[in-house]
Each structure stands twice: as structure tokens, then as C-alpha cells.
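Colleague: Take a look at work33.tsv, TSV, C-alpha atoms:
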chain	number	residue	atom	x	y	z
T	24	MET	CA	116.32	94.05	94.75
T	25	LYS	CA	113.75	96.80	95.39
T	26	VAL	CA	111.46	95.76	92.55
T	27	ASN	CA	111.13	92.26	94.03
T	28	THR	CA	110.17	93.79	97.38
T	29	ILE	CA	107.56	95.97	95.68
T	30	GLN	CA	106.24	92.98	93.73
T	31	PHE	CA	105.97	90.93	96.93
T	32	LEU	CA	104.23	93.64	99.02
T	33	ALA	CA	101.79	94.71	96.29
T	34	ASN	CA	100.71	91.15	95.57
T	35	THR	CA	100.37	90.37	99.28
T	36	SER	CA	98.11	93.39	99.59
T	37	HIS	CA	95.99	92.42	96.59
T	38	MET	CA	95.39	88.84	97.67
T	39	MET	CA	94.62	89.71	101.29
T	40	SER	CA	91.66	91.75	100.06
T	41	ASN	CA	90.72	89.59	97.11
T	42	VAL	CA	90.28	86.11	98.58
T	43	PHE	CA	87.16	86.88	100.64
T	44	ILE	CA	85.50	89.37	98.25
T	45	PRO	CA	82.91	86.77	97.06
T	46	ILE	CA	81.93	85.93	100.64
T	47	PHE	CA	81.95	89.63	101.62
T	48	ALA	CA	79.74	90.43	98.62
T	49	ARG	CA	77.28	87.73	99.67
T	50	SER	CA	77.19	89.23	103.19
T	51	LEU	CA	76.14	92.55	101.60
T	52	GLY	CA	73.23	90.84	99.83
T	53	ALA	CA	74.76	90.05	96.43
T	54	SER	CA	73.38	87.12	94.43
T	55	PHE	CA	75.75	84.55	92.89
T	56	PHE	CA	75.45	86.38	89.57
T	57	GLU	CA	76.18	89.75	91.23
T	58	VAL	CA	79.29	88.22	92.80
T	59	GLY	CA	80.48	87.57	89.25
T	60	VAL	CA	79.54	91.09	88.16
T	61	ILE	CA	81.53	92.64	91.02
T	62	ALA	CA	84.58	90.62	89.98
T	63	ALA	CA	83.98	91.71	86.38
T	64	CYS	CA	83.91	95.41	87.36
T	65	PHE	CA	87.34	95.02	88.94
T	66	SER	CA	88.70	93.23	85.88
T	67	LEU	CA	87.19	95.67	83.36
T	68	ALA	CA	88.88	98.59	85.08
T	69	THR	CA	92.18	96.66	85.18
T	70	PHE	CA	91.83	95.88	81.48
T	71	VAL	CA	91.47	99.55	80.54
T	72	SER	CA	94.20	100.74	82.88
T	73	SER	CA	96.72	98.06	81.86
T	74	PHE	CA	96.36	98.93	78.17
T	75	ILE	CA	96.63	102.70	78.70
T	76	PHE	CA	99.60	102.60	81.05
T	77	GLY	CA	101.39	99.82	79.17
T	78	LYS	CA	101.52	102.16	76.18
T	79	ALA	CA	102.46	105.06	78.47
T	80	ALA	CA	105.41	103.10	79.88
T	81	ASP	CA	106.91	102.73	76.40
T	82	ILE	CA	106.65	106.49	75.82
T	83	ASN	CA	107.48	107.93	79.25
T	84	ARG	CA	109.79	107.28	82.19
T	85	LEU	CA	109.01	104.14	84.16
T	86	ARG	CA	109.57	105.34	87.74
T	87	PRO	CA	106.78	107.99	87.87
T	88	ILE	CA	104.23	105.50	86.52
T	89	VAL	CA	105.18	102.97	89.19
T	90	LEU	CA	104.93	105.62	91.92
T	91	VAL	CA	101.52	106.89	90.80
T	92	GLY	CA	100.15	103.35	90.56
T	93	LEU	CA	101.30	102.34	94.04
T	94	LEU	CA	100.10	105.54	95.76
T	95	THR	CA	96.64	105.51	94.16
T	96	SER	CA	96.31	101.79	94.94
T	97	ALA	CA	96.97	102.51	98.63
T	98	ILE	CA	94.10	105.01	98.64
T	99	ALA	CA	91.73	102.79	96.67
T	100	PHE	CA	92.30	99.75	98.88
T	101	LEU	CA	91.49	101.78	101.99
T	102	LEU	CA	88.20	102.95	100.45
T	103	GLN	CA	86.98	99.33	100.41
T	104	VAL	CA	86.37	99.66	104.15
T	105	PHE	CA	83.43	101.93	103.37
T	106	ALA	CA	81.57	99.53	101.04
T	107	SER	CA	78.08	99.07	102.50
T	108	ASN	CA	76.07	97.43	99.71
T	109	THR	CA	76.50	95.61	96.41
T	110	LEU	CA	76.61	98.78	94.30
T	111	SER	CA	79.21	100.58	96.42
T	112	LEU	CA	81.39	97.46	96.56
T	113	ALA	CA	81.26	97.12	92.75
T	114	ALA	CA	82.20	100.80	92.28
T	115	ILE	CA	85.10	100.70	94.74
T	116	ARG	CA	86.41	97.41	93.34
T	117	ALA	CA	86.40	99.03	89.88
T	118	LEU	CA	88.52	101.89	91.28
T	119	VAL	CA	90.88	99.37	92.88
T	120	GLY	CA	91.22	97.52	89.59
T	121	PHE	CA	92.04	100.70	87.66
T	122	CYS	CA	94.71	101.78	90.15
T	123	MET	CA	96.24	98.30	90.21
T	124	GLY	CA	96.55	98.32	86.42
T	125	ILE	CA	98.77	101.40	86.36
T	126	TYR	CA	102.12	100.03	87.53
T	127	PRO	CA	102.64	96.30	86.60
T	128	ALA	CA	103.77	96.75	82.96
T	129	ALA	CA	106.21	99.54	83.92
T	130	LEU	CA	107.57	97.43	86.78
T	131	THR	CA	108.00	94.35	84.57
T	132	VAL	CA	109.85	96.30	81.89
T	133	TYR	CA	111.98	97.93	84.59
T	134	VAL	CA	113.13	94.41	85.51
T	135	TYR	CA	113.77	93.54	81.84
T	136	TYR	CA	115.94	96.61	81.21
T	137	GLN	CA	117.85	95.89	84.41
T	138	LYS	CA	118.63	92.48	82.81
T	139	GLU	CA	117.16	90.66	85.79
T	140	SER	CA	115.22	87.38	85.70
T	141	ILE	CA	111.55	87.73	84.73
T	142	GLY	CA	110.89	84.33	86.31
T	143	LYS	CA	112.42	85.33	89.64
T	144	PHE	CA	110.54	88.64	89.61
T	145	SER	CA	107.26	86.83	88.87
T	146	SER	CA	107.97	84.36	91.67
T	147	PHE	CA	107.95	87.16	94.24
T	148	GLY	CA	104.44	88.00	93.08
T	149	SER	CA	103.45	84.42	93.82
T	150	LEU	CA	105.16	84.60	97.22
T	151	GLY	CA	103.03	87.67	97.89
T	152	TRP	CA	99.88	85.77	96.90
T	153	MET	CA	100.77	83.00	99.35
T	154	THR	CA	101.44	85.46	102.16
T	155	GLY	CA	98.21	87.30	101.42
T	156	PHE	CA	96.17	84.09	101.48
T	157	LEU	CA	97.71	83.01	104.79
T	158	VAL	CA	97.21	86.41	106.43
T	159	ALA	CA	93.61	86.49	105.15
T	160	GLY	CA	92.95	83.04	106.55
T	161	PHE	CA	94.31	83.92	109.99
T	162	VAL	CA	92.77	87.41	110.25
T	163	GLY	CA	89.37	86.54	108.77
T	164	ASN	CA	87.86	90.03	109.25
T	165	ILE	CA	87.85	91.52	105.76
T	166	ARG	CA	87.60	95.17	106.87
T	167	TYR	CA	90.81	94.76	108.86
T	168	LEU	CA	92.35	93.18	105.77
T	169	PHE	CA	91.39	96.21	103.67
T	170	ILE	CA	93.24	98.50	106.10
T	171	PHE	CA	96.31	96.27	106.24
T	172	SER	CA	96.34	96.02	102.43
T	173	SER	CA	96.40	99.80	102.13
T	174	LEU	CA	99.28	99.97	104.60
T	175	LEU	CA	101.34	97.51	102.55
T	176	TYR	CA	100.79	99.58	99.41
T	177	CYS	CA	102.04	102.62	101.32
T	178	ILE	CA	105.21	100.68	102.20
T	179	SER	CA	105.56	99.65	98.53
T	180	PHE	CA	105.33	103.30	97.52
T	181	LEU	CA	108.08	104.25	99.99
T	182	ALA	CA	110.28	101.46	98.62
T	183	ALA	CA	109.64	102.65	95.05
T	184	LEU	CA	110.87	106.14	95.92
T	185	LYS	CA	114.36	104.63	95.99
T	186	LEU	CA	114.15	103.29	92.43
T	187	LYS	CA	116.44	105.07	89.98
T	188	ASP	CA	115.33	106.33	86.58
T	189	LEU	CA	116.43	103.97	83.83
T	190	GLU	CA	117.75	104.75	80.40
T	191	LYS	CA	115.58	102.91	77.89
T	192	PRO	CA	115.11	103.03	74.11
T	193	SER	CA	113.03	105.95	72.88
T	194	LEU	CA	110.04	104.59	70.98
T	195	LYS	CA	107.40	106.30	68.90
T	196	VAL	CA	104.28	104.46	70.05
T	197	SER	CA	100.78	105.05	68.76
T	198	TYR	CA	98.02	104.44	71.28
T	199	PHE	CA	95.88	103.18	68.41
T	200	SER	CA	98.36	100.73	66.90
T	201	LEU	CA	97.43	97.04	67.21
T	202	GLU	CA	100.65	95.75	65.65
T	203	THR	CA	102.00	94.32	68.92
T	204	PHE	CA	98.70	92.55	69.56
T	205	ARG	CA	98.53	91.19	66.01
T	206	LYS	CA	102.09	89.88	66.10
T	207	ASN	CA	101.46	88.02	69.37
T	208	ILE	CA	97.87	86.89	68.78
T	209	ALA	CA	98.76	83.22	69.42
T	210	THR	CA	99.92	84.02	72.94
T	211	TYR	CA	97.19	86.52	73.79
T	212	LEU	CA	94.21	84.55	72.47
T	213	SER	CA	95.27	81.21	73.97
T	214	VAL	CA	95.94	82.79	77.38
T	215	PHE	CA	92.57	84.57	77.16
T	216	VAL	CA	90.67	81.33	76.55
T	217	ARG	CA	92.47	79.36	79.27
T	218	HIS	CA	92.22	82.14	81.80
T	219	THR	CA	88.52	82.69	81.10
T	220	GLY	CA	87.93	79.19	82.43
T	221	ALA	CA	90.29	79.76	85.34
T	222	ALA	CA	88.58	83.06	86.23
T	223	ALA	CA	85.21	81.31	86.28
T	224	VAL	CA	86.67	78.97	88.90
T	225	TRP	CA	88.42	81.66	90.98
T	226	ALA	CA	85.25	83.76	91.08
T	227	ILE	CA	83.37	81.03	92.92
T	228	LEU	CA	86.13	78.87	94.48
T	229	PRO	CA	85.84	80.37	98.01
T	230	LEU	CA	82.12	79.55	97.89
T	231	TYR	CA	82.90	76.04	96.60
T	232	LEU	CA	85.39	75.45	99.40
T	233	ALA	CA	82.88	76.67	101.97
T	234	PHE	CA	80.27	74.38	100.38
T	235	LEU	CA	82.71	71.46	100.77
T	236	GLY	CA	83.11	72.29	104.48
T	237	ALA	CA	86.22	74.47	104.61
T	238	SER	CA	86.54	77.12	107.34
T	239	SER	CA	88.03	80.57	106.65
T	240	LEU	CA	91.38	79.31	107.94
T	241	TRP	CA	91.31	76.29	105.63
T	242	ILE	CA	90.35	78.46	102.67
T	243	GLY	CA	93.38	80.66	103.30
T	244	LEU	CA	95.69	77.65	103.76
T	245	ILE	CA	94.48	75.88	100.60
T	246	TYR	CA	94.80	79.06	98.55
T	247	ALA	CA	98.36	79.53	99.86
T	248	ILE	CA	99.57	76.22	98.39
T	249	ASN	CA	99.31	77.40	94.78
T	250	PRO	CA	101.41	80.60	95.05
T	251	PHE	CA	103.98	78.99	97.39
T	252	LEU	CA	104.70	76.37	94.74
T	253	GLN	CA	104.71	79.04	92.04
T	254	PHE	CA	107.37	80.91	94.00
T	255	LEU	CA	109.59	77.80	93.91
T	256	ILE	CA	108.82	76.89	90.28
T	257	MET	CA	108.96	80.25	88.47
T	258	ARG	CA	112.52	80.97	89.61
T	259	ARG	CA	113.79	77.95	87.66
T	260	LEU	CA	112.09	78.40	84.28
T	261	ASP	CA	114.31	80.93	82.49
T	262	SER	CA	116.28	78.23	80.64
T	263	PHE	CA	113.25	76.35	79.28
T	264	ARG	CA	111.87	76.87	75.78
T	265	ASN	CA	108.92	79.26	76.05
T	266	GLU	CA	106.64	77.37	73.64
T	267	TRP	CA	107.16	74.18	75.67
T	268	LEU	CA	106.33	76.00	78.89
T	269	MET	CA	103.10	77.35	77.45
T	270	LYS	CA	101.96	73.98	76.06
T	271	TRP	CA	102.41	72.21	79.37
T	272	GLY	CA	100.93	75.17	81.22
T	273	PHE	CA	97.64	74.58	79.42
T	274	ILE	CA	97.71	70.81	79.96
T	275	MET	CA	98.46	70.98	83.69
T	276	SER	CA	95.77	73.63	84.18
T	277	GLY	CA	93.21	71.28	82.64
T	278	ILE	CA	94.27	68.45	84.95
T	279	ALA	CA	93.93	70.76	87.96
T	280	PHE	CA	90.40	71.90	87.14
T	281	PHE	CA	89.33	68.32	86.45
T	282	GLY	CA	90.60	67.42	89.92
T	283	TYR	CA	88.55	70.22	91.45
T	284	SER	CA	85.38	68.91	89.80
T	285	MET	CA	85.92	65.44	91.29
T	286	SER	CA	86.64	66.58	94.88
T	287	PRO	CA	84.27	65.04	97.49
T	288	ASN	CA	85.48	67.48	100.19
T	289	TYR	CA	87.85	70.44	100.53
T	290	ILE	CA	90.94	68.32	101.35
T	291	PHE	CA	90.82	66.83	97.86
T	292	ILE	CA	91.23	70.31	96.33
T	293	ILE	CA	94.86	70.27	97.51
T	294	PRO	CA	96.28	67.96	94.75
T	295	GLY	CA	94.67	70.23	92.15
T	296	MET	CA	96.51	73.18	93.65
T	297	PHE	CA	99.81	71.44	92.86
T	298	PHE	CA	98.86	71.02	89.20
T	299	VAL	CA	97.51	74.57	88.83
T	300	ALA	CA	100.74	75.94	90.38
T	301	PHE	CA	102.84	74.22	87.72
T	302	GLY	CA	100.32	75.14	85.04
T	303	TRP	CA	100.22	78.87	85.73
T	304	SER	CA	103.96	79.09	86.43
T	305	PHE	CA	104.77	77.53	83.08
T	306	LEU	CA	102.14	79.53	81.22
T	307	PHE	CA	102.82	82.98	82.70
T	308	VAL	CA	106.64	82.85	82.57
T	309	GLY	CA	106.57	81.30	79.10
T	310	ALA	CA	104.13	83.92	77.77
T	311	SER	CA	105.99	86.84	79.41
T	312	GLN	CA	109.38	85.80	78.06
T	313	LEU	CA	107.97	85.05	74.61
T	314	LEU	CA	106.36	88.49	74.41
T	315	MET	CA	109.49	90.30	75.58
T	316	GLY	CA	111.63	88.48	73.04
T	317	ARG	CA	109.31	89.09	70.08
T	318	SER	CA	108.27	92.70	70.76
T	319	ASP	CA	110.02	96.04	70.35
T	320	GLU	CA	107.29	97.76	72.40
T	321	LYS	CA	107.98	95.66	75.47
T	322	ALA	CA	105.87	97.60	78.00
T	323	THR	CA	103.00	97.62	75.51
T	324	ALA	CA	103.33	93.84	75.10
T	325	ALA	CA	103.36	93.34	78.88
T	326	GLY	CA	100.46	95.77	79.31
T	327	ILE	CA	98.38	93.94	76.70
T	328	LEU	CA	99.08	90.63	78.47
T	329	ASN	CA	97.76	92.17	81.70
T	330	SER	CA	94.77	93.51	79.76
T	331	VAL	CA	94.10	90.09	78.25
T	332	ILE	CA	94.20	88.50	81.69
T	333	ALA	CA	91.87	91.21	82.98
T	334	ALA	CA	89.51	90.73	80.02
T	335	SER	CA	89.38	87.00	80.67
T	336	ASN	CA	88.68	87.77	84.31
T	337	ILE	CA	85.69	89.86	83.20
T	338	VAL	CA	84.23	87.16	80.98
T	339	GLY	CA	85.18	84.35	83.35
T	340	ALA	CA	83.76	86.04	86.44
T	341	ILE	CA	80.41	86.68	84.76
T	342	LEU	CA	80.30	83.15	83.34
T	343	GLY	CA	81.34	81.68	86.69
T	344	GLY	CA	78.58	83.50	88.56
T	345	ALA	CA	75.99	82.70	85.88
T	346	MET	CA	76.96	79.02	85.60
T	347	LEU	CA	76.89	78.59	89.37
T	348	GLN	CA	73.47	80.26	89.50
T	349	LEU	CA	72.06	78.10	86.68
T	350	TYR	CA	73.92	74.79	86.98
T	351	GLY	CA	76.30	74.23	89.87
T	352	PHE	CA	79.88	74.07	91.09
T	353	LYS	CA	81.07	70.98	89.21
T	354	GLU	CA	79.76	72.24	85.87
T	355	THR	CA	81.79	75.43	86.32
T	356	MET	CA	84.94	73.34	86.89
T	357	ALA	CA	84.21	71.29	83.76
T	358	PHE	CA	83.98	74.51	81.75
T	359	ALA	CA	87.50	75.45	82.93
T	360	VAL	CA	88.83	72.06	81.76
T	361	LEU	CA	87.43	72.68	78.26
T	362	CYS	CA	88.98	76.17	78.16
T	363	SER	CA	92.43	74.76	79.01
T	364	ILE	CA	92.14	72.15	76.25
T	365	ALA	CA	91.03	74.81	73.76
T	366	GLY	CA	93.93	77.07	74.82
T	367	VAL	CA	96.65	74.58	73.91
T	368	PHE	CA	95.16	73.94	70.46
T	369	ILE	CA	94.74	77.66	69.73
T	370	PHE	CA	98.35	78.37	70.71
T	371	LYS	CA	99.81	75.53	68.65
T	372	ILE	CA	97.82	76.42	65.51
T	373	LEU	CA	98.29	80.21	65.59
T	374	ASN	CA	101.91	80.06	66.73
T	375	ARG	CA	102.74	77.70	63.86
T	376	SER	CA	101.13	80.19	61.45
T	377	PHE	CA	103.21	83.03	62.91
T	378	LEU	CA	106.47	81.12	62.59
T	379	GLN	CA	105.69	80.21	58.99
T	380	SER	CA	104.95	83.88	58.18
T	381	ILE	CA	108.41	85.03	59.28
T	382	THR	CA	110.41	82.30	57.54
Would you write out, as C-alpha cells, the structure that this file holds?

Modeller:
Amino acid sequence: MKVNTIQFLANTSHMMSNVFIPIFARSLGASFFEVGVIAACFSLATFVSSFIFGKAADINRLRPIVLVGLLTSAIAFLLQVFASNTLSLAAIRALVGFCMGIYPAALTVYVYYQKESIGKFSSFGSLGWMTGFLVAGFVGNIRYLFIFSSLLYCISFLAALKLKDLEKPSLKVSYFSLETFRKNIATYLSVFVRHTGAAAVWAILPLYLAFLGASSLWIGLIYAINPFLQFLIMRRLDSFRNEWLMKWGFIMSGIAFFGYSMSPNYIFIIPGMFFVAFGWSFLFVGASQLLMGRSDEKATAAGILNSVIAASNIVGAILGGAMLQLYGFKETMAFAVLCSIAGVFIFKILNRSFLQSIT
């Protein structure tokens, strides 16, 4: 299916560029805190874009939004080649984040209205992450990776030209309505808290792996384990109860981050990658399917989920950089464990309140 190809290529492109951004930022003179700020700039732009274009996808045709997002992403990714200092890298990463936020909600809803599997579609994103990590590990040179990433987005755009326009329900959507967010607050808030901890880890994990002795190749290989497993797991989750998936997604995430904090060298990060693969697979597929089932404004619901993830990336990246600067690697991992524990309790309490309100 063309949308799975687009999902795979776009996510490959994103991860090829993303994995070495912290190390690239350090090579340009960024402090640990500035590494977090650069990641936050990317996420802030994604947050704004995901919300705007999630709403737009409920009002307008899906295909043009997907095309615009892919084409502008190809241009933005190429511009990363020209980053020469901390400020220029932060500005260009913000542009990349905004462009990347344009198309995902429209593409997800396109899959939903085609009556295809959300889990299978999501799994191709994870396969793209794995491929991107492996290519990044083997290539190593980040400026070459920026060019290759742009090329893959160009190919995605060409593939998207063959998508047909879909008939979908006509909705009157207000850009200022928070009804969809309010109805799904249990899902959004719990994912936000868990992913804030995760983002704190991802913002500094390449530096942690390098600190533990990993080469660029090993960093790419270790990163590839998580999305490869996600690709296998997500495809098989459609029949599970969504609330169950989310609960165990939080628990397994906490186990993973605890494992990271106890690792004496980079090889011991690998078992944690297994747990985080199950954790995120359960959590993301469960949350996506729950939102689609409960919401009339489906693109808006998907767009807000992307915005929530982006918002948690903002907070998590800043906290990750600040905690590393002030305390250390292991303390940052412990923070992520606490966020996962908090996430499961928030979801159970607020979701129970929602179910009681509709009965």
C-alpha cells in the first residue's frame, strides 16, 4: 500500500538525521543544556504544526496536505547541511519540525478511512526508524545523512502523487474548540507525562552510549533494535483491548528506563531496548485506536496526539539537557522511570472518570 511506503520512507529519513543531532550539536559548540534546547525547538514547531494541520485535515481534503508536508520536509531536511553554529542549527531544526508536523495526522486518517490496520501502518514507521538508525550508524557523516534524508522525502512525495482523493465525512470543525482534547484527556495527559520522561532520555541517550564506550556504529545498531521489534509487535495488536495495551505500555517503559540506569556499559542497554519496544508499541497503538474510536474529529484527535508527543519532547528535551548538566546520566534515567509510573496512574484514574461520566 502506498501509504505504508510513504510512512516507511519518511520515518527512515527522520531518524537518519535525528540520531546524531546531539553529537552534531556538541561539535558546533553547544552545551548539554543547549542540546536540549535544540531538541525543544524542533518539538515546539512540531507541536504547533501538528495541531494546526490536524484540524485542517478534518476540514479539507487529505491528499494535498500530505503532499505539501512531504515536499516542504524534503526542502527543510536539505537545509540542515548549512547549519554552522548552535543558533542556525536550532532555527533549521525548528523548520524541519514544523514541516514534519504537516502530514502525519492526514496520513493516519487516510489509513483509517481506507479501513486499513492502524497497527500495521504504525509498524512501517518503526521499520523506517530501524532502517534510519542502521544507515546512520554505517554512514556516520551527518551532512551526508542530511542529503540522503532529503532525497528520501522527495521519493515519498513522488509516491504520494499516486494517492487518490478519499471521500470522508464533512465536519464543521472549530480551530478553537477543545472538546476533542477534553474528551480524551486521560489518554493525552498520561502519554504526555510518560513521554516527557522518555524524551529526556532520548535527548541525551547518544551521549550516554558514547560515555559507556559505544562507537557510532554501535549507537546505530543499538538504536535499531527498538524499532525493529516495534515493527514486529505493532502489526499484531489490533485485536487487543486498548486500555490494556496502554497500561502495559507504561509499565514496560518504566522497566526499560530502569534497565538503562543500571547499565555498566553499552551492551547492557540492549535488554532495555526490548522492553521499550514493547512499551511504546503497546502505548502508541492503544492510544491511537482509542482516540479513533472515541472521536468524531479523527484527524484532530490524531493531530492532538502528535502535538502532545511534541509537547512532551519539548519539556523532556529541556529537562534532559538540564538534568544531565546538573546531575548526571543515571539521574535522568531515574526521572523517566518515575514518569512512566505516574503515567499509568493518571490514565487509570482519569479514564475511569470518563467511563463513569458516559454511563

Colleague: Would you tabulate, counting all atoms listed in the file, all residues of segment 304-325 of chain T that have an atom at most 9 Å from an atom of segment 135-152 of chain T, showing the closest pair of atoms and their distance in Å to one decimal, sorted by chain then ascending number, as CSV?

Modeller:
residue,atom,partner,partner_atom,distance
T:Ser304,CA,T:Ser146,CA,8.4
T:Phe307,CA,T:Ser145,CA,8.5
T:Val308,CA,T:Gly142,CA,5.9
T:Gly309,CA,T:Gly142,CA,8.9
T:Ser311,CA,T:Ile141,CA,7.7
T:Gln312,CA,T:Ile141,CA,7.3
T:Met315,CA,T:Tyr135,CA,8.2
T:Lys321,CA,T:Tyr135,CA,8.9

Colleague: Please determine, counting all atoms listed in the file, which residue among T:Asp319, T:Tyr211, T:Phe291, T:Val338 has the shortest atom-to-atom distance to Ile369 of chain T.

Modeller: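 Going through T:Asp319, T:Tyr211, T:Phe291, T:Val338 one by one, the smallest distance to Ile369 of chain T is for T:Tyr211.
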
Colleague: Measuring between only C-alpha atoms, which one of T:Phe370, T:Trp241, T:Phe65, T:Phe305 shows the shortest distance to Arg259 of chain T?

Modeller: T:Phe305

Colleague: Can you work out which one of T:Met296, T:Leu212, T:Ile165, T:Met269 has the shortest atom-to-atom distance to Leu244 of chain T, counting only C-alpha atoms?

Modeller: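 Residue with the minimum atom-to-atom distance to Leu244 of chain T: T:Met296.
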
Colleague: Just want the 9 Å neighbourhood of Ala117 of chain T, counted on all atoms listed in the file, with same-chain residues fewer than 6 positions away dropped. Output as an MDAnalysis selection string.

Modeller: chainID T and resid 61:69

Colleague: I'd like to know which of T:Cys177, T:Leu361, T:Ala53, T:Ile337 is closest to Arg217 of chain T, using only C-alpha atoms.

Modeller: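 That would be T:Leu361, the residue with the smallest distance to Arg217 of chain T.
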
Colleague: Counting all atoms listed in the file, select every polymer residue within 8 Å of (104.7, 98.3, 74.2) as defined in the file's coordinates, and provide the selection as a list in words.

Modeller: Gly77, Lys78, Ala80, Asp81, Val196, Thr203, Ser318, Asp319, Glu320, Lys321, Ala322, Thr323, Ala324, Ala325 and Gly326 of chain T

Colleague: Take the residues just selected and output them with C-alpha atoms as a compact mmCIF listing (two decimals), in the frame of the given file.

Modeller:
# COMPACT_ATOMS: atom_id res chain seq x y z
CA GLY T 77 101.39 99.82 79.17
CA LYS T 78 101.52 102.16 76.18
CA ALA T 80 105.41 103.10 79.88
CA ASP T 81 106.91 102.73 76.40
CA VAL T 196 104.28 104.46 70.05
CA THR T 203 102.00 94.32 68.92
CA SER T 318 108.27 92.70 70.76
CA ASP T 319 110.02 96.04 70.35
CA GLU T 320 107.29 97.76 72.40
CA LYS T 321 107.98 95.66 75.47
CA ALA T 322 105.87 97.60 78.00
CA THR T 323 103.00 97.62 75.51
CA ALA T 324 103.33 93.84 75.10
CA ALA T 325 103.36 93.34 78.88
CA GLY T 326 100.46 95.77 79.31

Colleague: Extract, using only C-alpha atoms, all DNA, RNA and protein residues at most 10 Å from Met39 of chain T, discarding same-chain residues fewer than 4 positions from it, and format them as a list in words.

Modeller: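 Returned residues: Asn34, Thr35, Phe43, Ile44, Gly151, Trp152, Met153, Thr154, Gly155, Phe156, Leu157, Val158, Ala159, Gly160, Val162, Gly163, Ile165, Tyr167, Leu168, Phe169, Phe171, Ser172 and Gly243 of chain T.
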
Colleague: Which residue out of T:Leu130, T:Ile245, T:Val58, T:Leu342 has the minimum interatomic distance to Ile29 of chain T when only C-alpha atoms are used?

Modeller: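 When distances to Ile29 of chain T are compared using only C-alpha atoms, the smallest one comes from T:Leu130.
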
Colleague: By how many Å are atom CA of Ala113 of chain T and atom CA of Phe55 of chain T apart?

Modeller: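 Rounded to one decimal, the two atoms are 13.7 Å apart.
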
Colleague: Residues within 10 Å of (85.8, 71.3, 82.0), file coordinates, counting only C-alpha atoms: what are they? Give the list as JSON, numbers by chain.

Modeller: {"T": [220, 277, 278, 280, 281, 283, 284, 353, 354, 355, 356, 357, 358, 359, 360, 361, 362, 363, 364]}

Colleague: Find the residue from T:Ile242, T:Met38, T:Val331, T:Ile293 that sits nearest to Phe215 of chain T; use all atoms listed in the file when measuring.

Modeller: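 Closest candidate: T:Val331.
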
Colleague: Need to verify the contact set: Gln253 of chain T, 7 Å, only C-alpha atoms, exclusion of same-chain residues closer than 2 positions in sequence. Can you return it as a compact mmCIF listing (two decimals) with C-alpha atoms, in the coordinates of the input?

Modeller:
# COMPACT_ATOMS: atom_id res chain seq x y z
CA SER T 146 107.97 84.36 91.67
CA SER T 149 103.45 84.42 93.82
CA ASN T 249 99.31 77.40 94.78
CA PRO T 250 101.41 80.60 95.05
CA PHE T 251 103.98 78.99 97.39
CA LEU T 255 109.59 77.80 93.91
CA ILE T 256 108.82 76.89 90.28
CA MET T 257 108.96 80.25 88.47
CA ALA T 300 100.74 75.94 90.38
CA PHE T 301 102.84 74.22 87.72
CA SER T 304 103.96 79.09 86.43

Colleague: Skip segment 46-52 of chain T itself and residues of its chain fewer than 5 positions away, then list as a VMD selection string all residues within 7 Å of it, counting all atoms listed in the file.

Modeller: chain T and resid 58 107 to 109 230

Colleague: Quote the spacing between atom CA of Ser262 of chain T and atom CA of Gly316 of chain T in Å to one decimal place.

Modeller: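 We find that atom CA of Ser262 of chain T and atom CA of Gly316 of chain T lie 13.6 Å from each other.
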
Colleague: So that I can check the surroundings of Ile327 of chain T, please list as a ChimeraX atom specification every protein, DNA and RNA residue that reaches within 8 Å of it, counting only C-alpha atoms and ignoring chain neighbours fewer than 5 positions away.

Modeller: /T:73-74,77,204

Colleague: Separation of atom CA of Ser72 of chain T and atom CA of Tyr126 of chain T, in Å?

Modeller: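 So the answer is 9.2 Å.
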
Colleague: Export segment 178-192 of chain T of the preceding structure, keeping C-alpha atoms, as a CSV table (one decimal), in the first residue's frame.

Modeller:
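Contents of out.csv, freshly written:
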chain,number,residue,atom,x,y,z
T,178,ILE,CA,10.8,9.9,-3.2
T,179,SER,CA,7.9,9.9,-0.6
T,180,PHE,CA,6.4,12.9,-2.3
T,181,LEU,CA,6.5,11.2,-5.7
T,182,ALA,CA,4.8,8.1,-4.1
T,183,ALA,CA,2.1,10.4,-2.6
T,184,LEU,CA,1.3,11.8,-6.0
T,185,LYS,CA,-0.3,8.5,-6.8
T,186,LEU,CA,-2.7,8.6,-3.7
T,187,LYS,CA,-6.3,9.1,-4.7
T,188,ASP,CA,-8.6,11.6,-3.0
T,189,LEU,CA,-10.9,10.0,-0.4
T,190,GLU,CA,-14.5,10.6,0.3
T,191,LYS,CA,-14.7,11.4,4.0
T,192,PRO,CA,-17.4,12.8,6.3
